[in-house]
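J.: File name data-v7.cif; file contents mmCIF, C-alpha atoms; full text below.
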data_entry
loop_
_atom_site.label_atom_id
_atom_site.label_comp_id
_atom_site.auth_asym_id
_atom_site.auth_seq_id
_atom_site.Cartn_x
_atom_site.Cartn_y
_atom_site.Cartn_z
CA MET A 20 -14.63 1.62 19.54
CA ARG A 21 -12.92 -1.78 19.76
CA HIS A 22 -16.25 -3.46 19.00
CA LEU A 23 -16.77 -1.22 15.95
CA LEU A 24 -13.24 -1.92 14.70
CA LEU A 25 -13.85 -5.66 15.03
CA LYS A 26 -17.08 -5.31 13.04
CA LEU A 27 -15.24 -3.35 10.36
CA GLU A 28 -12.32 -5.79 10.32
CA PRO A 29 -13.47 -7.60 7.12
CA VAL A 30 -13.72 -4.30 5.24
CA ILE A 31 -10.41 -3.07 6.60
CA TRP A 32 -8.78 -6.39 5.71
CA LEU A 33 -10.17 -6.18 2.18
CA LEU A 34 -8.73 -2.69 1.71
CA PHE A 35 -5.45 -3.75 3.36
CA GLY A 36 -5.14 -6.80 1.12
CA GLN A 37 -5.90 -4.79 -2.00
CA GLY A 38 -3.43 -2.18 -0.78
CA ILE A 39 -0.71 -4.79 -0.78
CA MET A 40 -1.75 -6.47 -4.03
CA ILE A 41 -3.02 -3.69 -6.30
CA GLY A 42 -1.14 -0.91 -4.52
CA THR A 43 2.19 -2.67 -4.91
CA MET A 44 1.56 -3.56 -8.54
CA LEU A 45 0.62 0.03 -9.47
CA LEU A 46 3.15 1.80 -7.26
CA THR A 47 6.15 0.06 -8.84
CA GLY A 48 5.65 1.68 -12.26
CA TRP A 49 4.40 4.96 -10.77
CA LEU A 50 7.43 5.41 -8.49
CA LEU A 51 9.85 4.35 -11.22
CA VAL A 52 8.60 7.00 -13.65
CA VAL A 53 6.91 9.79 -11.67
CA GLY A 54 9.04 9.51 -8.52
CA ILE A 55 12.47 8.81 -9.97
CA ALA A 56 12.90 8.75 -13.77
CA VAL A 57 11.17 12.07 -14.61
CA PRO A 58 12.71 14.06 -11.72
CA LEU A 59 16.20 12.74 -12.58
CA GLY A 60 15.76 13.47 -16.28
CA ILE A 61 15.99 9.79 -17.29
CA VAL A 62 12.57 10.17 -18.91
CA ASP A 63 11.71 13.36 -20.79
CA ALA A 64 9.51 15.53 -18.57
CA ASP A 65 7.39 16.28 -21.63
CA ALA A 66 5.95 12.77 -21.27
CA LEU A 67 4.08 14.15 -18.26
CA ASN A 68 3.13 17.53 -19.68
CA TYR A 69 -0.19 18.82 -18.41
CA GLN A 70 -2.31 18.06 -21.48
CA ARG A 71 -1.07 14.47 -21.73
CA ALA A 72 -1.26 13.82 -17.97
CA HIS A 73 -4.75 15.27 -17.84
CA SER A 74 -6.01 13.24 -20.80
CA LEU A 75 -4.55 10.04 -19.28
CA GLY A 76 -5.96 10.74 -15.83
CA SER A 77 -9.36 12.13 -16.68
CA ASN A 78 -10.86 9.16 -18.53
CA ILE A 79 -12.75 6.57 -16.50
CA ILE A 80 -9.90 4.03 -16.43
CA GLY A 81 -7.40 6.71 -15.53
CA ARG A 82 -9.58 7.94 -12.69
CA LEU A 83 -10.03 4.43 -11.28
CA VAL A 84 -6.32 3.69 -11.51
CA LEU A 85 -5.37 6.97 -9.84
CA ALA A 86 -7.94 6.53 -7.06
CA ALA A 87 -6.69 2.99 -6.39
CA LEU A 88 -3.07 4.12 -6.57
CA ILE A 89 -3.65 6.76 -3.91
CA ALA A 90 -6.23 5.21 -1.57
CA LEU A 91 -5.29 1.53 -1.37
CA PRO A 92 -1.68 2.00 -0.24
CA MET A 93 -2.98 4.28 2.52
CA TRP A 94 -5.09 1.42 3.91
CA LYS A 95 -2.17 -0.97 3.67
CA GLY A 96 -0.06 1.61 5.48
CA ALA A 97 -2.63 2.35 8.18
CA HIS A 98 -3.29 -1.32 8.96
CA HIS A 99 0.39 -2.25 9.02
CA CYS A 100 1.25 0.73 11.23
CA ARG A 101 -1.52 -0.31 13.62
CA HIS A 102 -0.19 -3.85 13.90
CA LEU A 103 3.36 -2.62 14.22
CA SER A 104 2.18 -0.56 17.18
CA ILE A 105 0.40 -3.56 18.74
CA ASP A 106 3.40 -5.84 18.18
CA HIS A 107 5.71 -3.38 19.89
CA GLY A 108 3.79 -3.06 23.11
CA GLY A 109 1.11 -0.66 21.97
CA GLY A 110 -1.86 -2.92 22.65
CA ASP A 111 -3.01 -0.69 25.49
CA ARG A 112 -3.20 2.36 23.25
CA ASP A 113 -4.72 0.55 20.26
CA HIS A 114 -8.12 2.10 21.00
CA ILE A 115 -6.51 5.47 20.18
CA VAL A 116 -3.95 4.50 17.54
CA ALA A 117 -6.27 2.43 15.34
CA PRO A 118 -9.02 5.05 14.96
CA ILE A 119 -6.44 7.76 14.20
CA LEU A 120 -4.72 5.65 11.52
CA TYR A 121 -7.96 4.53 9.91
CA ALA A 122 -9.27 8.11 10.04
CA ILE A 123 -6.15 9.24 8.14
CA ALA A 124 -6.72 6.51 5.53
CA THR A 125 -10.42 7.41 5.28
CA ILE A 126 -9.72 11.13 4.83
CA GLY A 127 -7.01 10.31 2.28
CA SER A 128 -9.38 8.00 0.39
CA ILE A 129 -12.15 10.61 0.29
CA ALA A 130 -9.62 13.19 -0.89
CA ALA A 131 -8.43 10.73 -3.57
CA ILE A 132 -11.98 10.28 -4.84
CA LEU A 133 -12.51 14.06 -4.86
CA ALA A 134 -9.19 14.55 -6.64
CA VAL A 135 -10.12 12.20 -9.49
CA VAL A 136 -13.72 13.44 -9.71
CA ARG A 137 -12.58 17.04 -10.25
CA LEU A 138 -10.16 16.12 -13.06
CA MET B 26 12.25 -10.47 26.35
CA ALA B 27 9.61 -13.18 26.63
CA GLY B 28 6.34 -11.94 28.04
CA PRO B 29 2.64 -12.00 27.57
CA ALA B 30 1.51 -10.39 24.33
CA HIS B 31 -1.35 -7.99 24.68
CA PRO B 32 -4.25 -10.42 25.18
CA ARG B 33 -7.05 -7.97 24.48
CA ALA B 34 -5.79 -6.26 21.33
CA MET B 35 -7.74 -8.49 18.96
CA GLU B 36 -10.16 -10.04 21.43
CA PRO B 37 -13.65 -10.81 20.07
CA PRO B 38 -16.58 -9.15 21.88
CA LYS B 39 -17.82 -12.53 23.17
CA PRO B 40 -15.49 -15.29 24.32
CA GLY B 41 -15.39 -18.30 22.02
CA ARG B 42 -16.27 -21.83 23.14
CA THR B 43 -12.76 -23.16 22.70
CA ARG B 44 -10.40 -22.36 25.54
CA THR B 45 -7.05 -21.14 24.31
CA ALA B 46 -3.85 -20.23 26.07
CA PRO B 47 -3.17 -16.51 26.29
CA PRO B 48 -0.89 -15.25 23.54
CA GLN B 49 2.78 -15.14 24.44
CA THR B 50 5.50 -13.04 22.88
CA PRO B 51 8.34 -15.30 21.64
CA GLY B 52 11.48 -15.15 23.75
CA SER B 53 13.48 -14.07 20.72
CA TRP B 54 11.31 -11.01 20.12
CA PRO B 55 12.35 -8.63 18.62
CA SER B 56 16.00 -9.50 17.96
CA HIS B 57 15.49 -12.75 16.01
CA PRO B 58 16.21 -12.25 12.27
CA ARG B 59 12.70 -13.45 11.35
CA MET B 60 11.22 -10.91 13.72
CA ARG B 61 13.42 -8.17 12.30
CA VAL B 62 12.21 -8.95 8.77
CA TYR B 63 8.63 -9.04 10.07
CA THR B 64 9.11 -5.64 11.70
CA LEU B 65 10.67 -4.29 8.50
CA PHE B 66 7.61 -5.54 6.62
CA GLY B 67 5.41 -3.63 9.07
CA LEU B 68 7.54 -0.49 8.79
CA THR B 69 6.85 -0.33 5.06
CA GLY B 70 3.35 0.72 6.11
CA ILE B 71 4.69 4.17 7.03
CA LEU B 72 6.08 4.63 3.52
CA TYR B 73 2.87 3.37 1.89
CA LEU B 74 0.84 5.81 3.96
CA LEU B 75 3.12 8.73 3.05
CA VAL B 76 3.40 7.91 -0.65
CA GLY B 77 -0.39 7.89 -0.85
CA PHE B 78 -0.32 11.54 0.19
CA THR B 79 2.51 12.54 -2.17
CA SER B 80 0.58 10.93 -5.05
CA LEU B 81 -2.59 12.65 -3.88
CA ARG B 82 -0.75 15.99 -3.93
CA LEU B 83 0.19 15.53 -7.59
CA VAL B 84 -3.24 14.31 -8.71
CA TRP B 85 -4.94 17.13 -6.79
CA ALA B 86 -2.65 19.61 -8.55
CA LEU B 87 -3.60 18.04 -11.89
CA GLY B 88 -7.15 19.18 -11.20
CA GLU B 89 -6.00 22.73 -10.42
CA GLY B 90 -4.44 23.51 -13.77
CA PRO B 91 -1.15 23.37 -15.66
CA GLN B 92 0.81 25.85 -13.55
CA ARG B 93 0.10 24.12 -10.22
CA PHE B 94 0.63 20.66 -11.75
CA HIS B 95 4.06 21.58 -13.10
CA GLU B 96 5.00 23.22 -9.79
CA VAL B 97 4.23 20.04 -7.87
CA LEU B 98 5.91 17.83 -10.48
CA ALA B 99 9.01 20.05 -10.33
CA SER B 100 9.03 19.77 -6.53
CA PHE B 101 9.43 15.99 -6.95
CA GLY B 102 12.93 16.77 -8.26
CA HIS B 103 14.05 17.84 -4.78
CA PRO B 104 16.66 15.36 -3.47
CA ILE B 105 14.54 14.57 -0.41
CA TYR B 106 11.59 13.61 -2.62
CA VAL B 107 13.79 11.54 -4.93
CA ALA B 108 15.36 9.74 -1.95
CA PHE B 109 11.92 9.16 -0.42
CA HIS B 110 10.55 7.75 -3.67
CA ALA B 111 13.64 5.54 -4.15
CA LEU B 112 13.28 4.22 -0.58
CA THR B 113 9.57 3.65 -1.13
CA LEU B 114 10.27 1.81 -4.39
CA ALA B 115 12.67 -0.49 -2.50
CA ALA B 116 9.95 -1.03 0.13
CA VAL B 117 7.34 -1.74 -2.56
CA VAL B 118 9.60 -4.37 -4.17
CA PHE B 119 10.29 -5.90 -0.75
CA VAL B 120 6.55 -6.05 0.04
CA GLY B 121 5.79 -7.44 -3.41
CA VAL B 122 8.36 -10.22 -3.20
CA ARG B 123 7.29 -11.16 0.33
CA PHE B 124 3.58 -11.01 -0.43
CA LEU B 125 3.85 -12.98 -3.67
CA SER B 126 5.76 -15.70 -1.83
CA LEU B 127 3.03 -15.88 0.84
CA PHE B 128 0.06 -15.72 -1.52
CA PRO B 129 0.34 -19.26 -3.00
CA LYS B 130 0.64 -20.76 0.51
CA ALA B 131 -2.63 -19.08 1.55
CA GLN B 132 -4.73 -20.75 -1.15
CA PRO B 133 -7.39 -23.24 -0.04
CA ALA B 134 -7.01 -26.88 -0.99
CA ASN B 135 -10.16 -26.69 -3.11
CA ILE B 136 -12.12 -23.85 -4.70
CA GLY B 137 -15.55 -25.44 -5.06
CA PRO B 138 -15.09 -28.49 -7.26
CA LEU B 139 -11.76 -27.20 -8.59
CA LYS B 140 -8.26 -27.42 -7.24
CA PRO B 141 -6.04 -24.34 -7.45
CA PRO B 142 -2.96 -24.67 -9.67
CA PRO B 143 0.26 -25.88 -8.04
CA ARG B 144 2.01 -23.27 -5.89
CA PRO B 145 4.96 -22.64 -8.27
CA ILE B 146 2.50 -21.95 -11.10
CA ILE B 147 0.53 -19.44 -8.99
CA HIS B 148 3.81 -17.85 -7.91
CA ALA B 149 5.03 -17.53 -11.49
CA MET B 150 1.65 -16.17 -12.68
CA LEU B 151 1.71 -13.46 -10.01
CA TYR B 152 5.19 -12.37 -11.10
CA VAL B 153 4.08 -12.28 -14.74
CA VAL B 154 1.14 -10.05 -13.80
CA TRP B 155 3.29 -7.77 -11.62
CA ILE B 156 6.07 -7.37 -14.19
CA THR B 157 3.66 -6.93 -17.12
CA LEU B 158 1.57 -4.36 -15.26
CA THR B 159 4.69 -2.46 -14.17
CA VAL B 160 6.16 -2.39 -17.69
CA VAL B 161 2.88 -1.33 -19.31
CA PHE B 162 2.08 1.29 -16.67
CA ALA B 163 5.63 2.69 -16.74
CA ALA B 164 5.57 2.78 -20.55
CA ILE B 165 2.27 4.70 -20.53
CA LEU B 166 3.53 7.21 -17.96
CA ALA B 167 6.85 7.63 -19.80
CA GLY B 168 5.08 8.30 -23.07
CA ALA B 169 6.37 5.17 -24.82
CA ILE B 170 2.80 4.05 -25.54
CA PHE B 171 -0.45 6.03 -25.81
#
Could I get this file's structure written as structure tokens?

T.:
Amino acid sequence: MRHLLLKLEPVIWLLFGQGIMIGTMLLTGWLLVVGIAVPLGIVDADALNYQRAHSLGSNIIGRLVLAALIALPMWKGAHHCRHLSIDHGGGDRDHIVAPILYAIATIGSIAAILAVVRL
Amino acid sequence: MAGPAHPRAMEPPKPGRTRTAPPQTPGSWPSHPRMRVYTLFGLTGILYLLVGFTSLRLVWALGEGPQRFHEVLASFGHPIYVAFHALTLAAVVFVGVRFLSLFPKAQPANIGPLKPPPRPIIHAMLYVVWITLTVVFAAILAGAIF
């Protein structure tokens, strides 16, 4: 497993790096509006009514943005959690922790792709 | 708390030619302020992982129809969700500021025949992109444009 993870390291690093870069850039606006402003009534909830949200999300750019917004932060999260575990004495259990975290990110990414495909 | 770091965690399958000393955990680990900030940076990973799933929940509901979508969107008004999203936003800003300060330092001296712009220019350009993207994306989601 360790050998496989080392082989996959460039791919994982790519997704991790994009998770930090693109994920952070997209999440800032998303969290501001969808996570805070709409729930608190700062922004009219009608801005995210179903018809408008669906038309924004279901075009090709919308689908790509949503897939990136969901999947990339998961890879950033999984990789950082793995290294946090290693840094805090979890090197011995890395062969269990790493596959679990990357499996979560993989499942989440597949679900993200399915979610935008079915829009 | 000095001690050997885990030497095999990132070990390549075949030993390299160059002999290196085994990795050593710094004596100040983990109480040194730099280490605390580093750990905090790592901890943001938990929030990124979780927010991916909360976003997935909403987008999945968008594919299920108006009633389910509005149910999930309404659930985001729960104080726990709002607090989680506010905490995650703080973490995202923290990661962004830290990453954008590291990014210019990681550039190679040359990119082919070209030299990258000076570090302060790269730094400023990244902030312009981040702020512009955030404003435009927030404006679209809030219904100010499109």

J.: I would like the residues chosen by the PyMOL selection byres ((chain A) within 6 of (chain B)) on the shown file; could you give them as a list of chain:residue names?

T.: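 Checking the PyMOL selection byres ((chain A) within 6 of (chain B)) against this file, the residues are A:Thr43, A:Met44, A:Gly48, A:Gly54, A:Ile55, A:Pro58, A:Ala66, A:Tyr69, A:Ile89, A:Pro92, A:Met93, A:Gly96, A:His99, A:Cys100, A:Leu103, A:Gly110, A:Ala134, A:Arg137, A:Leu138.
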
J.: Would you please work out which residue, of A:Ile61, A:Ile39, A:Ala90, A:Ile115, is nearest to Gly127 of chain A when using all atoms listed in the file?

T.: A:Ala90

J.: Residues near Pro129 of chain B, anyone? I mean within 7 Å using only C-alpha atoms, not counting same-chain ones fewer than 3 positions away, as a list in words.

T.: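 What passes the distance filter is Ser126, Gln132, Arg144, Ile147 and His148 of chain B.
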
J.: Taking all atoms listed in the file into account, name the residue in A:Ala117, A:Leu88, A:Ile123, A:Leu50 that is nearest to Leu27 of chain A.

T.: A:Ala117

J.: For the provided coordinates, the residues matched by the PyMOL selection byres ((chain A and resi 35) around 8) should be stated as a count of residues only.

T.: 14

J.: Just give me the gap between atom CA of Leu25 of chain A and atom CA of Thr125 of chain A in Å, one decimal is fine.

T.: 16.7 Å

J.: Report the distance between atom CA of Arg82 of chain A and atom CA of Val153 of chain B in Å, rounded to one decimal place.

T.: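 Distance reported for this atom pair: 24.5 Å.
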
J.: Do you have the atom CA of Leu59 of chain A-atom CA of Leu46 of chain A distance handy?

T.: 17.8 Å
